[in-house]
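What follows is a short report on a single structure.
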Amino acid sequence: MRSIIFATGNEGKLREIRQIMADMDVEIRSMKEEGITTEVKEDGTTFEENAIIKAKAIAELTKEIVLADDSGLEIDYLNGEPGVYSARYMGEKTSYEIKNQAILDRLQGVAKEQRTARFVCVIAAVFPDGTVRIARGTIEGYIGEKPAGENGFGYDPIFYVEELGCSTAELTDAQKNKISHRGKALRAMKEMLNENNDCK
Ligand code: IMP
């Protein structure tokens, strides 16, 4: 069976990719399982750049296909902030309770139509011959007036999906995976890997 290395230390992301790729004849291995402890500096200015930086850095250490993702929240009224800085917004150690409240404060008095936002996830694949492929997934929504829900993580409590009438923190993992940016990007990447099943 082929192996694919997913360049993340996040167990939740690993669980999700393993579920989505479960019917493929591949073993998804973590950096930890490969004994890779390298920390990669994500200094790109787009999700694509950061995902490629991460995947290429890890691909130099292995002969397998390497996948890496980068994701974040873009708020239109804030010119796309926090964007690629989503994890670092107001400092990496600041709680999301504080970050989410700060965003709500910045949007105070702004009408619903101007509160549009999206989660974006980009996954880069680097093949052993150096070929790079990219998959992008988004979910459109808006920033609500107050936080709601206990599930999910990060900005989920303030991100509402119009069609669902709730925040993504009010969804179960399975419900969120079906519609999320990451779920969409992972399924698109799975199709690319299937098309490319000689895997270069
Ligand atoms: P990274 O892709 O692991 O670098 O994470 C990017 C950051 O974007 C996370 O730390 C969160 O702040 C935010 N983010 C990405 N996806 C989600 C999501 O599904 N829900 C809430 N926040 C998210």
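Naming scheme: A, B, ... for chains in displayed order of the structure tokens; residues 1 onward per chain; ligands 1 onward as shown.
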Item checked: Neighbourhood of ligand 1 at 7 Å, counting only C-alpha atoms and all ligand atoms, reported as number ranges by chain -> A: 69-73, 86-87, 119, 152-156, 180
Would you output that residue set with N, CA, C and O atoms, as a short mmCIF file (atom, residue, chain, number, x, y, z; two decimals), in the first residue's frame?
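Below is the file again29.cif, written as the result:
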data_model
loop_
_atom_site.label_atom_id
_atom_site.label_comp_id
_atom_site.auth_asym_id
_atom_site.auth_seq_id
_atom_site.Cartn_x
_atom_site.Cartn_y
_atom_site.Cartn_z
N ASP A 69 -1.87 21.56 4.45
CA ASP A 69 -3.00 22.48 4.26
C ASP A 69 -2.74 23.81 4.94
O ASP A 69 -1.89 23.91 5.84
N ASP A 70 -3.45 24.83 4.48
CA ASP A 70 -3.47 26.10 5.19
C ASP A 70 -4.89 26.62 5.10
O ASP A 70 -5.56 26.45 4.08
N SER A 71 -5.38 27.20 6.18
CA SER A 71 -6.77 27.62 6.19
C SER A 71 -6.95 28.88 7.01
O SER A 71 -6.04 29.29 7.75
N GLY A 72 -8.11 29.48 6.90
CA GLY A 72 -8.38 30.68 7.68
C GLY A 72 -9.72 31.29 7.33
O GLY A 72 -10.46 30.78 6.49
N LEU A 73 -10.01 32.40 8.00
CA LEU A 73 -11.28 33.11 7.85
C LEU A 73 -11.03 34.44 7.15
O LEU A 73 -10.16 35.21 7.57
N SER A 86 -5.03 34.08 10.46
CA SER A 86 -6.13 33.67 11.35
C SER A 86 -5.65 33.08 12.67
O SER A 86 -6.17 33.42 13.73
N ALA A 87 -4.66 32.20 12.61
CA ALA A 87 -4.17 31.58 13.85
C ALA A 87 -3.40 32.60 14.68
O ALA A 87 -3.44 32.58 15.90
N PHE A 119 -14.75 30.72 5.17
CA PHE A 119 -13.59 29.93 5.57
C PHE A 119 -12.97 29.39 4.29
O PHE A 119 -13.70 28.98 3.37
N GLY A 152 -16.85 22.48 17.30
CA GLY A 152 -15.86 23.07 16.41
C GLY A 152 -14.72 23.71 17.19
O GLY A 152 -14.41 23.32 18.32
N PHE A 153 -14.12 24.74 16.60
CA PHE A 153 -12.98 25.40 17.22
C PHE A 153 -12.84 26.79 16.61
O PHE A 153 -13.62 27.17 15.71
N GLY A 154 -11.86 27.54 17.07
CA GLY A 154 -11.50 28.82 16.45
C GLY A 154 -12.68 29.77 16.28
O GLY A 154 -13.40 30.08 17.24
N TYR A 155 -12.88 30.19 15.03
CA TYR A 155 -13.90 31.22 14.75
C TYR A 155 -15.29 30.64 14.53
O TYR A 155 -16.22 31.38 14.19
N ASP A 156 -15.47 29.34 14.73
CA ASP A 156 -16.78 28.72 14.47
C ASP A 156 -17.95 29.41 15.18
O ASP A 156 -19.01 29.57 14.57
N SER A 180 -17.86 21.80 4.94
CA SER A 180 -16.78 22.73 5.30
C SER A 180 -15.76 22.90 4.18
O SER A 180 -15.62 22.06 3.28
#
Notebook entry, point to check: Hey, what's within 9 Å of region 1-15 of chain A if we count only C-alpha atoms and toss same-chain stuff fewer than 3 positions away? As an MDAnalysis selection string, please?
Noted result: chainID A and resid 18:20 25:32 34 54:55 58:59 62 64:69 182
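Residues with any atom within 12 Å of Ile139 (chain A), counting only C-alpha atoms and excluding same-chain neighbours fewer than 5 positions away, are Ser71, Gly72, Leu73, Glu74, Thr116, Ala117, Arg118, Phe119, Val120, Cys121, Asp156, Phe159, Tyr160, Val161, Glu162, Glu163, Thr168, Lys176, Asn177, Lys178, Ile179, Ser180, His181, Arg182, Gly183, Lys184 and Ala185 of chain A.
Of the residues under consideration (A:Asp129, A:Leu171, A:Lys112, A:Gly83), A:Gly83 shows the shortest atom-to-atom contact distance to Glu48 (chain A) when counting only C-alpha atoms.
Contact shell of Gly44 (chain A) at 12 Å (only C-alpha atoms; same-chain neighbours under 3 positions omitted): A:Val40, A:Lys41, A:Phe47, A:Glu48, A:Glu49, A:Asn50, A:Ala51, A:Ile52, A:Ile53, A:Lys54, A:Asp70, A:Gly83, A:Val84, A:Tyr85.
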Item checked: All strand (DSSP E) residues (DSSP, backbone) inside chain A, as a PyMOL selection string -> chain A and resi 2-6+26-30+65-75+81-82+116-126+132-143+159-161+166-167
Margin query: Residues near Leu186 (chain A), anyone? I mean within 8 Å using only C-alpha atoms, not counting same-chain ones fewer than 4 positions away, as a PyMOL selection string.
Written below: chain A and resi 17+20+123+135+137+182+190
Next item on the list: Go through region 110-185 of chain A and collect every residue that DSSP, computed from the backbone, puts in helix (DSSP H, G or I); the answer should be as a PyMOL selection string.
Entry: chain A and resi 112-114+156-158+168-170+173-179+181-185
Would you save the residues of that selection, restricted to N, CA and C atoms, as a JSON list (two decimals), in the first residue's frame?
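Output contents, as saved in out_10.json:
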[["chain", "number", "residue", "atom", "x", "y", "z"],
["A", 112, "LYS", "N", -26.06, 43.30, 8.22],
["A", 112, "LYS", "CA", -25.83, 41.89, 7.91],
["A", 112, "LYS", "C", -25.26, 41.68, 6.50],
["A", 113, "GLU", "N", -25.79, 42.45, 5.53],
["A", 113, "GLU", "CA", -25.34, 42.27, 4.13],
["A", 113, "GLU", "C", -23.85, 42.57, 3.98],
["A", 114, "GLN", "N", -23.30, 43.36, 4.90],
["A", 114, "GLN", "CA", -21.89, 43.72, 4.79],
["A", 114, "GLN", "C", -21.00, 42.87, 5.69],
["A", 156, "ASP", "N", -15.47, 29.34, 14.73],
["A", 156, "ASP", "CA", -16.78, 28.72, 14.47],
["A", 156, "ASP", "C", -17.95, 29.41, 15.18],
["A", 157, "PRO", "N", -17.82, 29.82, 16.45],
["A", 157, "PRO", "CA", -19.00, 30.40, 17.12],
["A", 157, "PRO", "C", -19.54, 31.69, 16.50],
["A", 158, "ILE", "N", -18.72, 32.43, 15.73],
["A", 158, "ILE", "CA", -19.23, 33.69, 15.16],
["A", 158, "ILE", "C", -19.51, 33.57, 13.66],
["A", 168, "THR", "N", -21.34, 27.54, 12.65],
["A", 168, "THR", "CA", -20.70, 26.24, 12.41],
["A", 168, "THR", "C", -20.29, 25.58, 13.74],
["A", 169, "ALA", "N", -20.34, 26.35, 14.85],
["A", 169, "ALA", "CA", -20.08, 25.74, 16.17],
["A", 169, "ALA", "C", -21.32, 25.02, 16.69],
["A", 170, "GLU", "N", -22.44, 25.16, 15.97],
["A", 170, "GLU", "CA", -23.67, 24.45, 16.38],
["A", 170, "GLU", "C", -23.85, 23.16, 15.59],
["A", 173, "ASP", "N", -19.41, 17.34, 14.15],
["A", 173, "ASP", "CA", -18.24, 17.21, 13.26],
["A", 173, "ASP", "C", -18.68, 16.69, 11.90],
["A", 174, "ALA", "N", -19.55, 15.65, 11.91],
["A", 174, "ALA", "CA", -19.97, 15.03, 10.65],
["A", 174, "ALA", "C", -20.74, 16.02, 9.79],
["A", 175, "GLN", "N", -21.63, 16.80, 10.41],
["A", 175, "GLN", "CA", -22.40, 17.80, 9.65],
["A", 175, "GLN", "C", -21.45, 18.85, 9.07],
["A", 176, "LYS", "N", -20.47, 19.27, 9.88],
["A", 176, "LYS", "CA", -19.55, 20.32, 9.40],
["A", 176, "LYS", "C", -18.65, 19.80, 8.27],
["A", 177, "ASN", "N", -18.15, 18.55, 8.42],
["A", 177, "ASN", "CA", -17.26, 18.00, 7.39],
["A", 177, "ASN", "C", -17.91, 17.94, 6.02],
["A", 178, "LYS", "N", -19.23, 17.73, 6.00],
["A", 178, "LYS", "CA", -19.93, 17.61, 4.71],
["A", 178, "LYS", "C", -19.91, 18.91, 3.93],
["A", 179, "ILE", "N", -19.90, 20.05, 4.64],
["A", 179, "ILE", "CA", -20.04, 21.34, 3.95],
["A", 179, "ILE", "C", -18.82, 22.24, 4.12],
["A", 181, "HIS", "N", -15.05, 24.02, 4.26],
["A", 181, "HIS", "CA", -13.92, 24.33, 3.39],
["A", 181, "HIS", "C", -12.93, 23.17, 3.36],
["A", 182, "ARG", "N", -12.60, 22.63, 4.55],
["A", 182, "ARG", "CA", -11.59, 21.56, 4.62],
["A", 182, "ARG", "C", -12.13, 20.28, 3.99],
["A", 183, "GLY", "N", -13.39, 19.94, 4.29],
["A", 183, "GLY", "CA", -14.00, 18.76, 3.68],
["A", 183, "GLY", "C", -14.00, 18.85, 2.16],
["A", 184, "LYS", "N", -14.37, 20.05, 1.64],
["A", 184, "LYS", "CA", -14.42, 20.23, 0.18],
["A", 184, "LYS", "C", -13.02, 20.11, -0.43],
["A", 185, "ALA", "N", -12.03, 20.76, 0.20],
["A", 185, "ALA", "CA", -10.66, 20.72, -0.33],
["A", 185, "ALA", "C", -10.12, 19.29, -0.28]]
Notebook entry, point to check: Neighbours of Gln108 (chain A) within 12 Å (only C-alpha atoms; same-chain residues fewer than 5 positions away dropped), as a PyMOL selection string?
Noted result: chain A and resi 77+101-103+114-115+143-146
Can those selected residues be exported to a file as a PDB file, in the first residue's frame so that it contains N, CA and C atoms?
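The new file out28.pdb reads:
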ATOM      1  N   TYR A  77     -15.725  42.831   5.107  1.00  0.00           N
ATOM      2  CA  TYR A  77     -15.742  44.199   5.645  1.00  0.00           C
ATOM      3  C   TYR A  77     -14.372  44.595   6.194  1.00  0.00           C
ATOM      4  N   GLN A 101     -14.658  38.067  20.166  1.00  0.00           N
ATOM      5  CA  GLN A 101     -15.304  39.283  20.668  1.00  0.00           C
ATOM      6  C   GLN A 101     -14.711  40.524  19.985  1.00  0.00           C
ATOM      7  N   ALA A 102     -13.395  40.518  19.752  1.00  0.00           N
ATOM      8  CA  ALA A 102     -12.750  41.665  19.098  1.00  0.00           C
ATOM      9  C   ALA A 102     -13.310  41.845  17.685  1.00  0.00           C
ATOM     10  N   ILE A 103     -13.537  40.732  16.994  1.00  0.00           N
ATOM     11  CA  ILE A 103     -14.105  40.830  15.635  1.00  0.00           C
ATOM     12  C   ILE A 103     -15.535  41.367  15.703  1.00  0.00           C
ATOM     13  N   GLN A 114     -23.303  43.356   4.902  1.00  0.00           N
ATOM     14  CA  GLN A 114     -21.886  43.721   4.793  1.00  0.00           C
ATOM     15  C   GLN A 114     -20.999  42.865   5.693  1.00  0.00           C
ATOM     16  N   ARG A 115     -21.602  41.854   6.322  1.00  0.00           N
ATOM     17  CA  ARG A 115     -20.847  41.022   7.270  1.00  0.00           C
ATOM     18  C   ARG A 115     -20.427  39.700   6.638  1.00  0.00           C
ATOM     19  N   ILE A 143     -20.632  36.936   9.531  1.00  0.00           N
ATOM     20  CA  ILE A 143     -20.310  37.054  10.958  1.00  0.00           C
ATOM     21  C   ILE A 143     -21.585  37.497  11.681  1.00  0.00           C
ATOM     22  N   GLY A 144     -22.008  36.656  12.630  1.00  0.00           N
ATOM     23  CA  GLY A 144     -23.249  36.938  13.359  1.00  0.00           C
ATOM     24  C   GLY A 144     -23.085  38.101  14.334  1.00  0.00           C
ATOM     25  N   GLU A 145     -24.138  38.359  15.087  1.00  0.00           N
ATOM     26  CA  GLU A 145     -24.112  39.468  16.061  1.00  0.00           C
ATOM     27  C   GLU A 145     -23.517  39.015  17.389  1.00  0.00           C
ATOM     28  N   LYS A 146     -23.635  37.686  17.662  1.00  0.00           N
ATOM     29  CA  LYS A 146     -23.039  37.177  18.910  1.00  0.00           C
ATOM     30  C   LYS A 146     -22.612  35.718  18.727  1.00  0.00           C
TER      31      LYS A 146
END
Skip Met192 (chain A) itself and residues of its chain fewer than 4 positions away, then list as a short mmCIF file (atom, residue, chain, number, x, y, z; two decimals) with N, CA, C and O atoms, in the first residue's frame all residues within 10 Å of it, counting only C-alpha atoms.
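Dumped everything to around-v8.cif:
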data_model
loop_
_atom_site.label_atom_id
_atom_site.label_comp_id
_atom_site.auth_asym_id
_atom_site.auth_seq_id
_atom_site.Cartn_x
_atom_site.Cartn_y
_atom_site.Cartn_z
N ALA A 125 -0.31 19.30 -2.67
CA ALA A 125 0.32 17.97 -2.75
C ALA A 125 1.64 18.13 -3.47
O ALA A 125 1.70 18.79 -4.52
N ARG A 133 0.39 19.99 -6.87
CA ARG A 133 -1.04 20.14 -7.21
C ARG A 133 -1.72 20.83 -6.04
O ARG A 133 -1.32 20.64 -4.88
N ILE A 134 -2.76 21.59 -6.36
CA ILE A 134 -3.45 22.40 -5.34
C ILE A 134 -4.95 22.13 -5.36
O ILE A 134 -5.55 22.05 -6.44
N ALA A 135 -5.57 22.01 -4.20
CA ALA A 135 -7.04 21.93 -4.11
C ALA A 135 -7.50 23.01 -3.14
O ALA A 135 -6.88 23.22 -2.09
N LEU A 186 -10.42 18.58 0.80
CA LEU A 186 -9.93 17.20 0.92
C LEU A 186 -10.55 16.30 -0.14
O LEU A 186 -9.87 15.47 -0.75
N ARG A 187 -11.87 16.48 -0.38
CA ARG A 187 -12.51 15.64 -1.40
C ARG A 187 -11.97 15.97 -2.80
O ARG A 187 -11.78 15.08 -3.62
N ALA A 188 -11.70 17.27 -3.06
CA ALA A 188 -11.13 17.65 -4.35
C ALA A 188 -9.72 17.06 -4.51
O ALA A 188 -9.35 16.56 -5.58
N ASN A 196 -4.48 10.67 -10.59
CA ASN A 196 -3.03 10.61 -10.69
C ASN A 196 -2.52 9.33 -10.06
O ASN A 196 -1.52 9.33 -9.38
N ASN A 197 -3.27 8.22 -10.23
CA ASN A 197 -2.99 7.11 -9.31
C ASN A 197 -1.71 6.33 -9.57
O ASN A 197 -1.37 5.44 -8.82
N CYS A 199 0.69 8.19 -9.26
CA CYS A 199 1.34 9.04 -8.26
C CYS A 199 2.76 9.41 -8.61
O CYS A 199 3.59 9.64 -7.75
#
